[in-house]
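*Asks:* Below is one structure. I have some questions about it.
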Amino acid sequence: MPASLTLAAPAKLNRMLHVVGRRADGYHELQTLFQLIDLADTLTLTRRDDGVIELLTPVAGVAHADNLVVRAAKRLQAHTGCRYGASIALDKKLPMGGGLGGGSSNAATVLVGLNALWSLDLPLTTLAELGLALGADVPVFVHGRSAWAEGVGERLTPVTLDTPWFVVVHPGVSVSTPAIFQAPELTRDTRPISMARALQGGAPTWRNDCEASVRDRHPPIAEALDWLAQHAPSQLTGTGACVFAVFDTQADAHAVADMARVKWPSWVTRGINTSPLHAALGC
Ligand SMILES: C[C@](O)(CO)[C@H](O)COP(=O)(O)OP(=O)(O)OC[C@H]1O[C@@H](n2ccc(N)nc2=O)[C@H](O)[C@@H]1O
Ligand SMILES: Nc1ncnc2c1ncn2[C@@H]1O[C@H](COP(=O)(O)OP(=O)(O)OP(=O)(O)O)[C@@H](O)[C@H]1O
């Protein structure tokens, strides 16, 4: 194993998201389809012999100790008693708090990458368990497959989804995930459905139960959803802020993204079924 690895941390879209219950600890039971996309941050992990975990590229507004990159590395170190440390450089492309799972994916790439760099040989299931404490979206990125998810997002079944082109638009506001999950009007009683039924219904039946609350509280997100819907059915990812729509061709997606970009940061990206992180490490 080389002493340094440069690895991707891809984003996700929630193609559908149902809130099917609330647990005693306040967390919500979800049913969601996570699709990985080819939009990604890049992390360079370099092994150190002194045990120190250092993030070389601070993220504005996030203290060093709070950064999910640092927390993931320290958690892995504490769990294994490993004496190595790491210097980590993060090239951030994914918008923060956008519903694209950027922070969670960064944490997953650190767990999977350091597992290799430190020759720990932990199975992905153990890394996913360690990651779950850092965020509900970490396990799907640790496993590196588009997936049907239940529980808080940790009970995963890999799926092969179509891989269309997406336009992703950031409406320029930030959404508090806890505030949306605490919203009194949020519906929490969608009847659970089987994965087979969700997949059979396909995109025309997919919706996000958080959308109504997010629209009410964040008019710029409602505006972006309505603007995008003029071109193709639009949806919210996670609890936002980003919204997305599906296009058959790259050219159609670029045409709409070019128009969107006049007003909002926008990306064209393609769905993928396996993470480039796992392809790079052969796991
Ligand atoms: C909504 C999703 O984006 C779907 O992919 C994710 O489940 C959110 O994942 P995340 O941003 O990693 O969220 P976490 O950091 O785990 O949780 C933030 C807060 O959202 C609420 N929360 C989150 C996930 C969940 N299933 N139920 C919840 O009630 C909790 O108040 C929690 O304290
Ligand atoms: N490395 C990191 N990258 C991004 N955010 C981080 C990181 N470390 C800590 N955070 C904190 O986590 C918060 C959520 O970040 P993230 O980009 O994962 O949100 P998100 O895309 O909405 O994720 P999700 O879809 O999981 O809700 C940020 O607002 C930031 O305060």
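Letters for chains follow the order of the structure tokens (A, B, ...), residue numbers begin at 1 for each chain, and ligand numbers begin at 1 in the order shown.
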Kindly compile the residues surrounding ligand 1 within 8 Å, counting only C-alpha atoms and all ligand atoms, and format them as a PyMOL selection string.

*Replies:* chain A and resi 13-14+17+22+26-30+32+34+97+99-101+103-104+132-138+151-153+177-182+237-240

*Asks:* Range 22-255 of chain A: which residues are strand (DSSP E or B) by DSSP, as a PyMOL selection string?

*Replies:* chain A and resi 22+28-48+53-55+85-91+145+147-150+155-158+165-169+208+234-236+243-247

*Asks:* So how many Å separate CA of Val20 in chain A and CA of Arg191 in chain A, to one decimal?

*Replies:*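 Going from CA of Val20 in chain A over to CA of Arg191 in chain A, I get 6.2 Å.
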
*Asks:* So, with only C-alpha atoms as the atoms that count, which of A:Gln230, A:Asn115, A:Thr163, A:Thr57 lies closest to Met259 in chain A?

*Replies:*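 Smallest separation from Met259 in chain A among the options: A:Gln230.
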
*Asks:* Tell me, as JSON, numbers by chain, which residues lie within 12 Å of Cys242 in chain A, counting only C-alpha atoms; anything in the same chain fewer than 2 positions away does not count.

*Replies:* {"A": [11, 12, 13, 14, 94, 95, 96, 97, 98, 99, 100, 101, 102, 166, 167, 168, 169, 170, 171, 172, 173, 174, 175, 211, 214, 215, 218, 220, 221, 222, 223, 224, 225, 228, 234, 235, 236, 237, 238, 239, 240, 244, 245, 264, 265, 266, 267]}

*Asks:* Those same residues - C-alpha atoms - I'd like them written as a PDB file, in the first residue's frame.

*Replies:*
```pdb
ATOM      1  CA  ALA A  11     -22.554  12.670  -3.730  1.00  0.00           C
ATOM      2  CA  LYS A  12     -26.016  11.079  -3.621  1.00  0.00           C
ATOM      3  CA  LEU A  13     -29.526  12.018  -4.611  1.00  0.00           C
ATOM      4  CA  ASN A  14     -32.580  10.680  -2.792  1.00  0.00           C
ATOM      5  CA  LEU A  94     -20.033  19.570  -3.206  1.00  0.00           C
ATOM      6  CA  PRO A  95     -22.157  22.308  -1.635  1.00  0.00           C
ATOM      7  CA  MET A  96     -22.454  21.955   2.141  1.00  0.00           C
ATOM      8  CA  GLY A  97     -25.853  21.278   3.630  1.00  0.00           C
ATOM      9  CA  GLY A  98     -27.213  20.697   0.160  1.00  0.00           C
ATOM     10  CA  GLY A  99     -28.855  17.308   0.686  1.00  0.00           C
ATOM     11  CA  LEU A 100     -26.133  15.749  -1.471  1.00  0.00           C
ATOM     12  CA  GLY A 101     -24.518  14.008   1.506  1.00  0.00           C
ATOM     13  CA  GLY A 102     -21.124  15.654   1.009  1.00  0.00           C
ATOM     14  CA  PHE A 166     -29.477  15.030 -13.783  1.00  0.00           C
ATOM     15  CA  VAL A 167     -29.575  18.768 -13.419  1.00  0.00           C
ATOM     16  CA  VAL A 168     -28.938  19.685  -9.788  1.00  0.00           C
ATOM     17  CA  VAL A 169     -29.756  23.236  -8.689  1.00  0.00           C
ATOM     18  CA  HIS A 170     -28.775  24.893  -5.408  1.00  0.00           C
ATOM     19  CA  PRO A 171     -31.402  27.508  -4.502  1.00  0.00           C
ATOM     20  CA  GLY A 172     -28.919  29.411  -2.340  1.00  0.00           C
ATOM     21  CA  VAL A 173     -30.486  28.863   1.071  1.00  0.00           C
ATOM     22  CA  SER A 174     -29.492  26.430   3.781  1.00  0.00           C
ATOM     23  CA  VAL A 175     -31.966  24.020   5.337  1.00  0.00           C
ATOM     24  CA  GLU A 211     -40.904  18.569   0.215  1.00  0.00           C
ATOM     25  CA  VAL A 214     -39.305  22.564   2.918  1.00  0.00           C
ATOM     26  CA  ARG A 215     -41.348  24.487   0.319  1.00  0.00           C
ATOM     27  CA  HIS A 218     -37.948  28.131   2.164  1.00  0.00           C
ATOM     28  CA  PRO A 220     -36.453  30.092  -2.808  1.00  0.00           C
ATOM     29  CA  ILE A 221     -36.521  26.262  -2.859  1.00  0.00           C
ATOM     30  CA  ALA A 222     -40.172  26.269  -3.955  1.00  0.00           C
ATOM     31  CA  GLU A 223     -39.186  28.722  -6.696  1.00  0.00           C
ATOM     32  CA  ALA A 224     -36.333  26.508  -7.925  1.00  0.00           C
ATOM     33  CA  LEU A 225     -38.570  23.396  -7.856  1.00  0.00           C
ATOM     34  CA  LEU A 228     -37.128  23.225 -12.961  1.00  0.00           C
ATOM     35  CA  SER A 234     -38.454  18.232 -10.226  1.00  0.00           C
ATOM     36  CA  GLN A 235     -37.685  16.886  -6.753  1.00  0.00           C
ATOM     37  CA  LEU A 236     -35.915  17.710  -3.539  1.00  0.00           C
ATOM     38  CA  THR A 237     -32.931  15.609  -2.388  1.00  0.00           C
ATOM     39  CA  GLY A 238     -32.869  14.742   1.330  1.00  0.00           C
ATOM     40  CA  THR A 239     -34.160  17.766   3.226  1.00  0.00           C
ATOM     41  CA  GLY A 240     -32.651  20.064   0.589  1.00  0.00           C
ATOM     42  CA  PHE A 244     -32.948  18.001  -9.226  1.00  0.00           C
ATOM     43  CA  ALA A 245     -34.610  16.744 -12.397  1.00  0.00           C
ATOM     44  CA  TRP A 264     -28.462  29.560  -9.263  1.00  0.00           C
ATOM     45  CA  PRO A 265     -25.327  27.396  -8.961  1.00  0.00           C
ATOM     46  CA  SER A 266     -26.194  24.339 -11.068  1.00  0.00           C
ATOM     47  CA  TRP A 267     -24.519  21.101 -12.083  1.00  0.00           C
TER      48      TRP A 267
END
```
